[in-house]
$ cat run-v9.cif   # mmCIF, C-alpha atoms
data_entry
loop_
_atom_site.label_atom_id
_atom_site.label_comp_id
_atom_site.auth_asym_id
_atom_site.auth_seq_id
_atom_site.Cartn_x
_atom_site.Cartn_y
_atom_site.Cartn_z
CA MET L 1 0.15 42.67 97.72
CA THR L 2 -3.54 42.34 96.91
CA THR L 3 -5.80 45.33 96.43
CA ASP L 4 -8.74 46.54 94.38
CA GLU L 5 -7.89 50.21 94.74
CA GLY L 6 -7.61 52.03 91.46
CA ILE L 7 -9.08 49.23 89.35
CA VAL L 8 -11.67 50.63 87.01
CA TYR L 9 -14.56 48.26 86.24
CA ASP L 10 -18.33 48.15 86.58
CA ARG L 11 -18.65 47.65 90.33
CA SER L 12 -22.44 47.47 90.10
CA LEU L 13 -22.00 43.87 88.86
CA LEU L 14 -20.35 42.68 92.06
CA GLY L 15 -22.50 40.01 93.71
CA VAL L 16 -25.34 40.28 91.19
CA GLU L 17 -26.57 36.84 90.08
CA THR L 18 -27.25 36.32 86.36
CA HIS L 19 -28.99 33.22 85.04
CA ILE L 20 -26.75 31.69 82.36
CA GLY L 21 -28.68 28.63 81.32
CA THR L 22 -30.65 25.49 82.04
CA PHE L 23 -29.17 22.16 81.10
CA GLU L 24 -30.81 18.75 81.05
CA LEU L 25 -28.28 16.06 81.74
CA THR L 26 -28.95 12.82 79.89
CA ARG L 27 -27.44 9.40 80.54
CA GLU L 28 -25.73 9.66 77.15
CA MET L 29 -24.05 12.93 78.16
CA ILE L 30 -22.75 11.35 81.36
CA LEU L 31 -21.43 8.31 79.49
CA SER L 32 -19.85 10.51 76.84
CA PHE L 33 -18.13 12.64 79.49
CA ALA L 34 -16.89 9.48 81.22
CA LYS L 35 -15.66 7.95 77.96
CA SER L 36 -13.75 11.09 76.98
CA THR L 37 -11.78 11.05 80.23
CA GLY L 38 -11.13 7.29 80.16
CA GLU L 39 -13.35 6.74 83.19
CA THR L 40 -13.88 3.10 84.17
CA ASN L 41 -15.50 3.41 87.59
CA PRO L 42 -18.85 1.53 87.40
CA ARG L 43 -20.37 4.26 89.53
CA TYR L 44 -20.07 6.55 86.51
CA VAL L 45 -20.18 4.13 83.57
CA GLY L 46 -22.49 1.35 84.77
CA ASN L 47 -21.80 -2.34 84.35
CA ASN L 48 -19.97 -4.01 81.47
CA ASN L 49 -22.99 -3.54 79.21
CA GLY L 50 -23.27 0.14 80.13
CA ASP L 51 -26.48 -0.57 82.06
CA GLY L 52 -27.32 0.00 85.70
CA ASP L 53 -27.65 3.03 87.91
CA ILE L 54 -25.04 5.72 87.41
CA VAL L 55 -24.24 9.15 88.75
CA ALA L 56 -22.34 11.85 86.91
CA PRO L 57 -18.61 12.27 87.50
CA PRO L 58 -18.27 15.08 90.04
CA THR L 59 -16.89 17.78 87.74
CA ILE L 60 -19.44 17.38 84.95
CA CYS L 61 -21.09 20.77 85.58
CA ASN L 62 -17.90 22.33 84.38
CA VAL L 63 -18.69 21.54 80.74
CA PHE L 64 -21.59 23.96 80.95
CA VAL L 65 -19.51 26.77 82.43
CA SER L 66 -17.01 27.11 79.62
CA GLY L 67 -18.05 29.38 76.83
CA VAL L 68 -20.98 30.99 78.62
CA SER L 69 -21.38 34.67 78.02
CA ARG L 70 -21.10 36.74 81.14
CA PRO L 71 -21.81 40.40 81.67
CA ASP L 72 -18.97 42.67 80.54
CA ILE L 73 -17.36 44.11 83.66
CA LYS L 74 -15.77 46.87 81.56
CA LEU L 75 -12.37 46.35 83.12
CA GLU L 76 -10.03 49.13 82.10
CA PHE L 77 -6.75 47.34 82.41
CA GLY L 78 -4.52 44.97 80.51
CA GLU L 79 -3.92 43.89 76.94
CA ILE L 80 -4.10 40.13 77.32
CA SER L 81 -6.28 37.86 79.40
CA PHE L 82 -6.08 34.23 80.34
CA PHE L 83 -7.75 31.62 82.46
CA ALA L 84 -5.85 31.35 85.74
CA GLY L 85 -7.60 28.71 87.77
CA GLN L 86 -10.77 27.05 88.81
CA SER L 87 -12.31 25.23 91.72
CA ILE L 88 -15.35 23.00 91.93
CA GLU L 89 -17.20 22.19 95.10
CA CYS L 90 -19.29 19.07 94.68
CA LYS L 91 -22.36 19.55 96.86
CA ALA L 92 -24.69 16.74 95.82
CA GLU L 93 -24.90 13.86 93.38
CA ILE L 94 -26.00 14.59 89.83
CA ARG L 95 -28.04 11.91 88.07
CA PRO L 96 -29.30 11.25 84.54
CA GLY L 97 -32.43 13.30 83.90
CA ASP L 98 -31.48 16.08 86.29
CA VAL L 99 -32.27 19.54 85.01
CA LEU L 100 -29.57 21.95 86.16
CA SER L 101 -30.06 25.66 86.38
CA ALA L 102 -26.90 27.78 86.45
CA SER L 103 -26.45 31.30 87.71
CA THR L 104 -23.24 33.24 87.93
CA LYS L 105 -22.02 36.30 89.79
CA LEU L 106 -18.90 38.41 89.88
CA ASP L 107 -17.42 37.54 93.24
CA ASN L 108 -14.27 39.63 93.40
CA VAL L 109 -11.89 41.79 91.40
CA TYR L 110 -8.42 42.43 92.76
CA ALA L 111 -4.91 43.29 91.67
CA LYS L 112 -1.60 41.67 92.41
CA THR L 113 1.81 42.92 91.51
CA GLY L 114 4.57 40.45 90.84
CA ARG L 115 7.79 40.15 88.91
CA SER L 116 6.01 40.56 85.59
CA GLY L 117 4.10 43.62 86.77
CA LYS L 118 0.52 44.25 87.73
CA MET L 119 -2.18 41.68 87.10
CA VAL L 120 -5.91 42.08 87.69
CA PHE L 121 -7.95 39.03 88.65
CA ALA L 122 -11.70 38.73 88.11
CA VAL L 123 -13.32 35.89 90.04
CA TRP L 124 -16.71 34.49 88.98
CA GLU L 125 -18.78 32.08 91.02
CA THR L 126 -21.32 29.88 89.25
CA LYS L 127 -23.92 27.90 91.15
CA PHE L 128 -25.74 24.88 89.73
CA ARG L 129 -29.08 23.90 91.23
CA ASN L 130 -31.11 20.85 90.28
CA GLN L 131 -34.86 20.62 89.67
CA ASP L 132 -35.42 20.34 93.46
CA ASP L 133 -33.53 23.62 94.00
CA THR L 134 -30.70 21.74 95.67
CA THR L 135 -27.28 23.23 94.98
CA VAL L 136 -25.26 20.45 93.35
CA ALA L 137 -22.07 22.29 92.45
CA LEU L 138 -20.29 25.56 92.91
CA VAL L 139 -17.71 26.50 90.29
CA THR L 140 -15.28 29.34 90.93
CA GLU L 141 -13.20 30.63 88.04
CA SER L 142 -10.40 33.13 88.02
CA PHE L 143 -9.43 35.15 84.96
CA VAL L 144 -6.36 37.39 84.76
CA ARG L 145 -5.64 40.46 82.70
CA ARG L 146 -2.20 41.92 82.35
CA ASN L 147 -0.12 43.97 79.96
CA LYS L 148 2.15 42.37 77.39
CA ASN L 149 5.80 42.01 78.34
CA ARG L 150 7.83 44.74 76.69
CA MET A 1 -7.79 -5.17 91.46
CA LYS A 2 -8.33 -1.83 93.17
CA LYS A 3 -8.56 -1.96 96.95
CA ASN A 4 -11.42 -0.20 98.70
CA LEU A 5 -9.80 2.34 101.00
CA TYR A 6 -11.18 3.48 104.33
CA PHE A 7 -10.29 6.59 106.29
CA GLU A 8 -8.32 4.56 108.81
CA ASP A 9 -6.14 3.08 106.02
CA VAL A 10 -4.73 6.42 104.94
CA GLU A 11 -1.90 8.49 106.39
CA ILE A 12 -0.51 11.90 105.51
CA GLY A 13 2.18 11.40 102.87
CA ASP A 14 0.46 8.48 101.16
CA ASP A 15 0.85 8.55 97.40
CA ILE A 16 -2.12 8.70 95.05
CA GLY A 17 -1.52 7.26 91.60
CA PRO A 18 0.43 7.84 89.47
CA ILE A 19 -1.71 7.42 86.37
CA LYS A 20 -0.08 7.71 82.96
CA ARG A 21 -2.14 8.52 79.91
CA SER A 22 -2.52 10.82 76.95
CA VAL A 23 -5.53 12.72 75.68
CA THR A 24 -6.29 11.96 72.04
CA ASP A 25 -7.95 14.23 69.47
CA GLU A 26 -10.97 11.92 69.65
CA ASP A 27 -11.14 12.23 73.45
CA VAL A 28 -11.30 16.02 73.15
CA ILE A 29 -14.03 15.88 70.49
CA GLU A 30 -16.03 13.44 72.65
CA PHE A 31 -15.65 15.77 75.63
CA ILE A 32 -16.77 18.86 73.71
CA SER A 33 -19.71 16.95 72.22
CA VAL A 34 -21.21 16.58 75.71
CA ARG A 35 -22.23 20.22 75.39
CA GLU A 36 -22.04 21.04 71.70
CA LYS A 37 -23.99 19.09 69.11
CA LYS A 38 -21.95 20.56 66.26
CA ILE A 39 -18.21 20.78 66.79
CA THR A 40 -16.71 23.86 65.22
CA PRO A 41 -12.95 24.24 64.79
CA SER A 42 -11.38 25.88 67.80
CA ARG A 43 -8.08 26.00 69.64
CA PHE A 44 -9.20 22.72 71.22
CA THR A 45 -9.87 20.81 68.02
CA SER A 46 -7.84 22.45 65.25
CA LYS A 47 -4.10 22.97 64.95
CA GLU A 48 -4.74 25.76 62.43
CA VAL A 49 -6.98 27.70 64.81
CA ALA A 50 -4.55 27.07 67.67
CA ASN A 51 -1.67 28.36 65.51
CA SER A 52 -3.67 31.47 64.62
CA GLU A 53 -4.00 32.18 68.34
CA GLY A 54 -0.30 31.79 68.91
CA LEU A 55 -0.43 28.25 70.26
CA PRO A 56 1.88 25.62 68.78
CA GLU A 57 -0.84 22.95 68.65
CA ALA A 58 -4.40 22.18 69.68
CA ILE A 59 -4.82 22.08 73.43
CA VAL A 60 -6.94 20.17 75.93
CA PRO A 61 -9.85 22.29 77.27
CA GLY A 62 -9.52 23.52 80.87
CA PRO A 63 -12.70 21.74 82.05
CA MET A 64 -11.32 18.48 80.67
CA ASN A 65 -8.06 19.02 82.53
CA ILE A 66 -9.92 19.54 85.78
CA ALA A 67 -11.97 16.39 85.10
CA LEU A 68 -8.76 14.42 84.58
CA MET A 69 -7.23 15.86 87.75
CA ALA A 70 -10.36 14.90 89.71
CA GLN A 71 -10.19 11.43 88.26
CA VAL A 72 -6.81 10.82 89.88
CA LEU A 73 -8.57 11.17 93.22
CA THR A 74 -11.78 9.28 92.40
CA ASP A 75 -9.74 6.51 90.74
CA TRP A 76 -7.71 5.96 93.90
CA SER A 77 -10.54 3.92 95.40
CA ASP A 78 -14.21 3.42 94.56
CA THR A 79 -14.92 4.63 98.12
CA VAL A 80 -13.58 8.15 97.45
CA CYS A 81 -16.10 10.98 97.53
CA LEU A 82 -14.73 14.15 95.93
CA LEU A 83 -15.82 17.26 97.84
CA LYS A 84 -13.71 19.94 96.21
CA ILE A 85 -10.97 20.36 93.68
CA ASP A 86 -9.04 23.54 93.01
CA VAL A 87 -6.60 23.80 90.12
CA VAL A 88 -4.15 26.28 88.67
CA PHE A 89 -3.28 26.07 85.00
CA ARG A 90 0.47 26.55 84.68
CA GLN A 91 0.84 25.67 81.01
CA THR A 92 -1.33 24.52 78.15
CA VAL A 93 -1.89 20.78 77.82
CA PRO A 94 -1.26 19.29 74.37
CA HIS A 95 -3.13 16.41 72.71
CA ASN A 96 -1.51 13.01 72.13
CA LYS A 97 1.43 13.50 74.50
CA GLY A 98 2.30 11.45 77.55
CA LEU A 99 0.92 12.88 80.79
CA THR A 100 1.44 11.73 84.36
CA PHE A 101 -1.13 12.44 87.04
CA SER A 102 -0.26 11.94 90.68
CA GLY A 103 -1.16 13.08 94.15
CA ILE A 104 -0.22 12.92 97.78
CA VAL A 105 -2.25 13.09 100.98
CA THR A 106 -1.40 16.34 102.77
CA ASP A 107 -4.01 16.56 105.51
CA LYS A 108 -6.19 14.25 107.55
CA ASP A 109 -9.04 15.88 109.44
CA GLU A 110 -10.05 13.72 112.38
CA THR A 111 -11.96 16.36 114.31
CA GLY A 112 -15.60 15.85 115.18
CA GLY A 113 -16.05 12.60 113.27
CA SER A 114 -14.80 14.10 110.01
CA THR A 115 -13.36 11.71 107.45
CA LYS A 116 -11.95 14.40 105.17
CA LEU A 117 -8.55 14.25 103.54
CA GLY A 118 -6.61 17.03 101.87
CA CYS A 119 -4.51 16.15 98.83
CA ASP A 120 -2.17 17.78 96.35
CA VAL A 121 -2.55 16.73 92.73
CA VAL A 122 -0.38 17.44 89.73
CA MET A 123 -0.34 16.81 85.99
CA GLU A 124 3.13 16.63 84.43
CA ASN A 125 4.40 16.13 80.91
CA SER A 126 7.06 13.58 79.98
CA ASP A 127 9.80 16.08 80.94
CA GLU A 128 8.29 16.30 84.44
CA VAL A 129 7.16 19.87 83.80
CA LYS A 130 4.08 20.66 85.87
CA LEU A 131 1.25 21.65 83.54
CA VAL A 132 -1.61 21.76 86.03
CA ILE A 133 -1.36 21.75 89.80
CA GLY A 134 -4.11 21.61 92.36
CA THR A 135 -5.50 20.60 95.68
CA GLY A 136 -8.43 18.37 96.48
CA VAL A 137 -10.62 17.58 99.44
CA ILE A 138 -12.06 14.09 99.54
CA SER A 139 -13.78 11.94 102.11
CA LEU A 140 -13.52 8.24 102.76
CA PRO A 141 -15.89 6.09 104.78
CA ASN A 142 -14.90 4.73 108.17
CA LYS A 143 -13.98 1.06 108.34
CA PRO A 144 -17.11 -1.05 108.90
#

$ encode --input "run-v9.cif" --output "structure tokens"
Amino acid sequence: MTTDEGIVYDRSLLGVETHIGTFELTREMILSFAKSTGETNPRYVGNNNGDGDIVAPPTICNVFVSGVSRPDIKLEFGEISFFAGQSIECKAEIRPGDVLSASTKLDNVYAKTGRSGKMVFAVWETKFRNQDDTTVALVTESFVRRNKNR
Amino acid sequence: MKKNLYFEDVEIGDDIGPIKRSVTDEDVIEFISVREKKITPSRFTSKEVANSEGLPEAIVPGPMNIALMAQVLTDWSDTVCLLKIDVVFRQTVPHNKGLTFSGIVTDKDETGGSTKLGCDVVMENSDEVKLVIGTGVISLPNKP
């Protein structure tokens, strides 16, 4: 069962966009990202000399999402929290030199009750736009709070 | 050599991968350095910090896991365009341990000229325990 009844948090934050940063993506950052994941596709790493046109691997925006500080939703539930899941919609190609502006909003807060008891999910949606105001990626993250098992 | 796949080549049930690899300590540091100029010890880079947070060892960051899951799909063929990936983290992913990434085609949308495919993807450890599961939507070009 999914519900948001009885969950105490700052509901005024729902749907309110907050700017969380501007990030210039260099060729070196793209190559470093590709190297770290063992990427070999020339589309992302260039030719054998590392030259040539490249685009960023499609999930690269994600590196800018982790660790950002978001508004405190003042959720009054749970003793432990963890990262439950994430989705990335890739809307447009990202290229070296692109300047990405990120804004995030609280999309949803809901509760589920399962075998281990009640859990409250907070879902954040972060939008990345490039210097032409084109949305290049949409990252949705889900965080869970629950009580410790007794 | 990898074959360029077209939409017409693919059927529901086709396997994607598998890819076997491990993520080294150096890979994680390289990944984190994309964003952070100075790497500070964290659960991702330090066993001590990980231990202090109740983890048995340093773990692979979530964004790196999702990048690796996406790579299973984009590695399948140079013609793949990744539209969306959605993952659920079931367990933490350790450094320097054997991982298997694989996928399967679960949907083929042929309505209105679409060339979209739905896929399931999974990351498993050497005991075949699923660490990260997910779904992806990709597109492939039509055959010329």

$ closest_atom_pairs --input "run-v9.cif" --of "chain A" --to "chain L" --cutoff "6 Å" --atoms "all atoms listed in the file" --output "tab-separated table"
residue	atom	partner	partner_atom	distance
A:Asp27	CA	L:Ser36	CA	4.5
A:Glu30	CA	L:Ser36	CA	5.4
A:Phe31	CA	L:Ser36	CA	5.2
A:Val34	CA	L:Met29	CA	5.2
A:Pro63	CA	L:Asn62	CA	5.7
A:Ala67	CA	L:Thr59	CA	5.8
A:Leu83	CA	L:Cys90	CA	5.0
A:Lys84	CA	L:Glu89	CA	4.3
A:Ile85	CA	L:Ile88	CA	5.4
A:Asp86	CA	L:Ser87	CA	3.9
A:Val87	CA	L:Gln86	CA	5.4
A:Val88	CA	L:Gly85	CA	4.3
A:Phe89	CA	L:Gly85	CA	5.8

$ residues_around --input "run-v9.cif" --residues "Glu11 (chain A)" --least-positions-apart "6" --cutoff "9 Å" --atoms "all atoms listed in the file" --output "ChimeraX atom specification"
/A:105-108

$ resolve_selection --input "run-v9.cif" --expression "the PyMOL selection byres ((chain A and resi 45-59) around 10)" --output "number ranges by chain"
A: 23, 25-26, 28-29, 32, 39-44, 60-62, 92-96

$ residues_around --input "run-v9.cif" --residues "Gly117 (chain L)" --least-positions-apart "3" --cutoff "9 Å" --atoms "all atoms listed in the file" --output "PyMOL selection string"
chain L and resi 112-114+146-147+149

$ write_last_selection --input "run-v9.cif" --atoms "C-alpha atoms" --output "PDB file, in the frame of the given file"
ATOM      1  CA  LYS L 112      -1.600  41.670  92.410  1.00  0.00           C
ATOM      2  CA  THR L 113       1.810  42.920  91.510  1.00  0.00           C
ATOM      3  CA  GLY L 114       4.570  40.450  90.840  1.00  0.00           C
ATOM      4  CA  ARG L 146      -2.200  41.920  82.350  1.00  0.00           C
ATOM      5  CA  ASN L 147      -0.120  43.970  79.960  1.00  0.00           C
ATOM      6  CA  ASN L 149       5.800  42.010  78.340  1.00  0.00           C
TER       7      ASN L 149
END

$ closest_residue --input "run-v9.cif" --among "A:Pro141, A:Gly98, A:Gly13, A:Pro18" --to "Val122 (chain A)" --atoms "all atoms listed in the file"
A:Pro18

$ residues_around --input "run-v9.cif" --residues "region 2-17 of chain L" --least-positions-apart "2" --cutoff "9 Å" --atoms "all atoms listed in the file" --output "list of chain:residue names"
L:His19, L:Pro71, L:Asp72, L:Ile73, L:Lys74, L:Leu75, L:Glu76, L:Phe77, L:Ser103, L:Thr104, L:Lys105, L:Leu106, L:Asp107, L:Asn108, L:Val109, L:Tyr110, L:Ala111, L:Lys112, L:Thr113, L:Val120, L:Thr126

$ atom_distance --input "run-v9.cif" --atom1 "CA of Ile94 (chain L)" --atom2 "CA of Val136 (chain L)"
6.9 Å

$ residues_around --input "run-v9.cif" --residues "Val10 (chain A)" --least-positions-apart "2" --cutoff "10 Å" --atoms "all atoms listed in the file" --output "PyMOL selection string"
chain A and resi 5-8+12-15+105+108+117+140

$ atom_distance --input "run-v9.cif" --atom1 "CA of Ser69 (chain L)" --atom2 "CA of Met123 (chain A)"
28.7 Å

$ resolve_selection --input "run-v9.cif" --expression "the PyMOL selection byres ((chain L and resi 98) around 7)" --output "JSON, numbers by chain"
{"L": [24, 25, 94, 95, 96, 97, 99, 100, 130, 131]}

$ atom_distance --input "run-v9.cif" --atom1 "CA of Ile104 (chain A)" --atom2 "CA of Val55 (chain L)"
25.9 Å

$ closest_residue --input "run-v9.cif" --among "L:Asp51, L:Phe143, L:Thr134, L:Ala56" --to "Ser101 (chain L)" --atoms "only C-alpha atoms"
L:Thr134

$ axis_aligned_box --input "run-v9.cif" --around "region 11-25 of chain A" --padding-each-side "6 Å" --output "JSON"
{"center_x": -2.9, "center_y": 10.7, "center_z": 87.9, "size_x": 22.1, "size_y": 19.0, "size_z": 48.9}
